[in-house]
Structures are given as structure tokens and as C-alpha cells.
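Participant: Pasting a structure below so you can have a look.
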Amino acid sequence: MGGSCFLVLLLQIIVTQVVGVGVGVGVGVGPGGVWFGGGINSPNPGAVPSQSSAYTALQAWKSAITDDPSGILKNWVGPNVCSYKGIFCSNSRDYMGNPTDPVVTGIDLNHANLQGTLVKELSYLTDVSLIHLNTNRFSGIIPQTFRDLSSLVELDLSNNHFSGPFPTTVLFIPNLLYLDLRFNSFTGPIPEDLFNRKLDAIFLNNNQFDGELPQSLGNSPASVINFANNKFTGNIPFSLGYMGPRIKEILFLNNELNGCIPEGVELWTDLQVLDVSFNSLMGHLPDTLSCLSGIEVLNLGHNKLSGDLPDLVCSLRNLVNLTLAYNFFSELSQDCDKLPLRNVGIDFSLNCIPGRQMQRPQPECSVIPGGSLSCLRVPAVKPLVCG
């Protein structure tokens, strides 16, 4: 009993500490479980509330699940859906404030290893605020009826077998804040309108998305965006510099991006992680990188960047790791030599920096990729004025 109480307390602390991204956590305790993040508890499992639409939706979904090796759905029997494993309910009130029957407000079937598809009847669950289905074997497409999930805030479909184009129906879920599609097999371009929504977290990594990143990227109010491990091409949109100051993590690694890193990043005062590694970015770095006062991880490795590293980058007080490897940089400031003394990791191997060890052979440094590329650059001002 003491261990369960400690786990509950620990999860409560974890959820409280999540910043900018509303993440609910479900814990399988008892037949209905315990909900954190929304302050919801399963009702008395002996109660049999009137929930005919929820019963219809969940039984239709159960019929579309073809493999349940752990027997998760064995107790999905009878009209009391609040007793179903992985289903979470809360007491509700009518428009007069009077208590009514409990309603389904959460689905947490993470790591259930279920195989099947999603069904259109799930849209009957109009009070559900969280659907977490990561690490299963769901496939097919996202039903168009999901746009009717008017209370849905978090949708986690990561680590499944979904495929086809970007599921545009999620753009019409009116209150959605957290969208996680990573580790699936989605293909094609991503829509411009994705970044015009009020999403706070967008995880698209580890799919097969391609095409250019939309210019609307700069409109996004998100605090976390992950594009990693796809097949995106073209330039990083210039509008990136106009994103709001709430952005904390943005990852472009392992795509096919080229061109320059755009100016304007000095506005990202709260940015903690910027990773553009394993692309084909060229040209010099914007001086405004020196203004990333909150940056902890800056990964520029495995590109074709050249020129000098802006003077103040190695002086950023919150820096934990700086990766410059496998580029064509030709100069580092003396402050970079002091980073190991601050326990900051730095890797500048295989560049073109005179007098440094583990650099490229001279013939490789005689012709700089993208040497004729003209990157828009804010005129140098000493000292650099950020913001």
C-alpha cells in the first residue's frame, strides 16, 4: 500500500512539473484506474450509469481490435463502461449545475500491444479529453469523425502502424493542444494550417513526411515541435524567426533540408533545444544565435555550414552541449576553449579550423560547399544587441 501511495505522489509531482505541454498520466489501479493531470477519478465500479452512447462506441471499437495478447479488453463487458480497463470517467453536471451520470473523459491504453483500427463511433465520446494509444499496433487512417471530439485536448497515436497522408481531420478538433503522431508511417507533405492552430506540442518525428516545410511555421504558438527523421526538403522557412517566445524545443535533425539557418532566432529567449543536425544546411550562422540565452543543447553537426562561430555562442550561460562536428567552420572564439572547464560538452571535429586537431584534410577545405550562397544577415553590431 505504501508503494502505491508513493507512486501516486511521484506521478502527481511529475505532472505538476510539465511546462507548456499538458500531459495526462493514467495509472492502472483498480478496475477503472486513477487519473492524473485532469483531476478525475473513476466512479464506484459497482455503479451502472446510463452511458449508452459510450457503450456503443467502445463495443464497436472492441469489435475492430483483432489481437489483444495481454487480455486488456477482457473486462470490456456490460454497460458500465467506467469499469473497463483503460477507460476513465468523471462525474459531470448539467447546465443547471446538477450532478449527472459519470461520463468517459479519458482513454489510456498505452503499451497495450493491441492490433486493430480506430472506428468512427469513437466520435460519440464527446466528453473525452485525453486519448493515449502509444505503443500499440493500430493501423489504417484516423476517422474523419474525430473532428467531433469537441473536448479532446491530448491525442497520442505514437508508435503504431498508421499510414497514409497527414490526418487533416485532427486540425478540426477544436480544443486540441497536444498532437503526437511520431513513429508511424505517414507520408506526403504536412498542411499549412497545422501551424495556424493553437497546438502547444507537435510531434511528427519518425514518419515518412516529405516536401517543404510550410511558411506558416512562424505562426505556431507551440512550445515543442519535432520534425526529426523524416524526408523534408528545401529551406527552413524564414518565418521561423517570427515564432513566439514560447518555443522551448525545435528539432529538424535527419532530414534533407538545405539553405541557410534564418535570422530572427534572438527572439527565442526561452529556447532550450535547437537541433538541425544531419541535413545539408550551408552558409554562415546568424550572429543572433548568440542571443539564445536559455539554450542548453545546440546541435549543428553533420551539415555543410561554414565561416566562423558567432563570438558569444560559447559564452551562453545555460549551454550544456554544443555540437559543430562535420561542417566547414574555419574559426572558433577563445571562449569555446573554456567550455570543458564549465563541464559543457563540445565537439568541433572534422571542420576546417587551423591549429586544431581532428580536422578535415586541407583539400576538402579548399572548396567550401555553398560558398556562393548568400544568407541574409543582420549587419554586425558590436556589442551585439539581442532582441
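Going through the C-alpha cells in order, the chains are called A, B, and so on, while each chain numbers its residues from 1 and the ligands are numbered from 1 in the order shown.
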Excluding same-chain residues fewer than 2 positions from Glu121 in chain A, what lies within 12 Å of it counting only C-alpha atoms, as a list in words?

Facilitator: Ser53, Ala54, Tyr55, Thr56, Ala57, Leu58, Gln59, Ala60, Trp61, Lys62, Ser63, Ala64, Thr117, Leu118, Val119, Ser123, Tyr124, Leu125, Thr126, Ile142, Pro143, Gln144, Thr145, Phe146, Arg147, Asp148 and Leu149 of chain A

Participant: As a PyMOL selection string, please: all residues of range 130-230 of chain A that backbone DSSP puts in strand (DSSP E).

Facilitator: chain A and resi 130-132+137-140+154-156+161-165+178-180+185-188+201-203+208-212+224-226

Participant: May I have the selected residues written with C-alpha atoms, as an mmCIF file, in the first residue's frame?

Facilitator:
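again-v1.cif written:
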data_model
loop_
_atom_site.group_PDB
_atom_site.id
_atom_site.type_symbol
_atom_site.label_atom_id
_atom_site.label_comp_id
_atom_site.auth_asym_id
_atom_site.auth_seq_id
_atom_site.Cartn_x
_atom_site.Cartn_y
_atom_site.Cartn_z
ATOM 1 C CA LEU A 130 -7.430 12.526 -23.483
ATOM 2 C CA ILE A 131 -6.742 9.635 -25.856
ATOM 3 C CA HIS A 132 -3.389 7.922 -25.283
ATOM 4 C CA ARG A 137 -0.347 -1.903 -33.440
ATOM 5 C CA PHE A 138 -3.219 0.223 -34.658
ATOM 6 C CA SER A 139 -3.206 0.818 -38.408
ATOM 7 C CA GLY A 140 -5.238 2.407 -41.163
ATOM 8 C CA GLU A 154 -4.471 15.387 -25.978
ATOM 9 C CA LEU A 155 -4.177 12.882 -28.825
ATOM 10 C CA ASP A 156 -1.242 10.466 -28.656
ATOM 11 C CA HIS A 161 1.258 1.447 -37.757
ATOM 12 C CA PHE A 162 -0.856 4.325 -39.053
ATOM 13 C CA SER A 163 -0.205 5.284 -42.664
ATOM 14 C CA GLY A 164 -1.406 7.481 -45.495
ATOM 15 C CA PRO A 165 -1.262 11.276 -45.761
ATOM 16 C CA TYR A 178 -1.159 18.066 -27.790
ATOM 17 C CA LEU A 179 -0.676 16.095 -31.034
ATOM 18 C CA ASP A 180 1.689 13.122 -31.152
ATOM 19 C CA SER A 185 4.243 5.547 -41.457
ATOM 20 C CA PHE A 186 2.516 8.772 -42.502
ATOM 21 C CA THR A 187 3.658 10.117 -45.878
ATOM 22 C CA GLY A 188 3.472 13.217 -48.038
ATOM 23 C CA ALA A 201 3.059 20.351 -28.773
ATOM 24 C CA ILE A 202 3.530 18.877 -32.258
ATOM 25 C CA PHE A 203 5.407 15.583 -32.633
ATOM 26 C CA GLN A 208 7.951 9.471 -43.914
ATOM 27 C CA PHE A 209 6.668 13.017 -44.361
ATOM 28 C CA ASP A 210 8.280 14.876 -47.256
ATOM 29 C CA GLY A 211 8.117 18.112 -49.198
ATOM 30 C CA GLU A 212 8.982 21.591 -47.946
ATOM 31 C CA VAL A 224 7.676 21.896 -28.644
ATOM 32 C CA ILE A 225 7.921 20.898 -32.327
ATOM 33 C CA ASN A 226 9.717 17.795 -33.592
#

Participant: Which residues are close to range 345-356 of chain A, i.e. within 7 Å by only C-alpha atoms, leaving aside same-chain residues fewer than 3 positions away? Reply as a list in words.

Facilitator: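 Once the adjacent positions are removed, what remains is Val320, Asn321, Leu322, Thr323, Leu324, Ala325, Tyr326, Asn327, Phe328, Phe329, Ser330, Glu331, Pro340, Gln359, Arg360 and Cys365 of chain A.
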
Participant: Go through A:Asn229, A:Asn299, A:Val170, A:Ser333 and flag the residue nearest Val313 in chain A, using only C-alpha atoms for the distances.

Facilitator: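 Among A:Asn229, A:Asn299, A:Val170, A:Ser333, it is A:Ser333 that comes nearest to Val313 in chain A.
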
Participant: Using CA of Asn206 in chain A and CA of Ala112 in chain A as the two end points, give the distance in Å to one decimal.

Facilitator: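 Between CA of Asn206 in chain A and CA of Ala112 in chain A the gap is 20.7 Å.
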
Participant: Find the residues near Val273 in chain A: any atom within 12 Å, counting only C-alpha atoms, skip ones fewer than 3 places away on the same chain, and give them as JSON, numbers by chain.

Facilitator: {"A": [223, 224, 225, 226, 247, 248, 249, 250, 251, 252, 253, 268, 269, 270, 276, 277, 292, 293, 294, 295, 296, 297, 298, 299, 300, 318, 319, 320, 321, 322, 323]}

Participant: Considering only helix (DSSP H, G or I) as DSSP defines it on the backbone, what residues of range 167-359 of chain A qualify? List them as a ChimeraX atom specification.

Facilitator: /A:168-172,192-196,215-219,238-242,265-267,287-291,313-315,334-342

Participant: Just the number, please: distance in Å from CA of Ser158 in chain A to CA of Leu133 in chain A, one decimal.

Facilitator: 7.1 Å

Participant: Tell me which of A:Thr100, A:Asn303, A:Asn258, A:Ser315 sits closest to Cys375 in chain A, counting only C-alpha atoms.

Facilitator: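 So, comparing all the options, the nearest one is A:Asn258.
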
Participant: Find the spatial neighbours of range 230-239 of chain A, counting only C-alpha atoms, within a cut-off of 9 Å - ignore same-chain residues fewer than 4 positions away - and output them as a ChimeraX atom specification.

Facilitator: /A:189,204-219,243,252-264,281
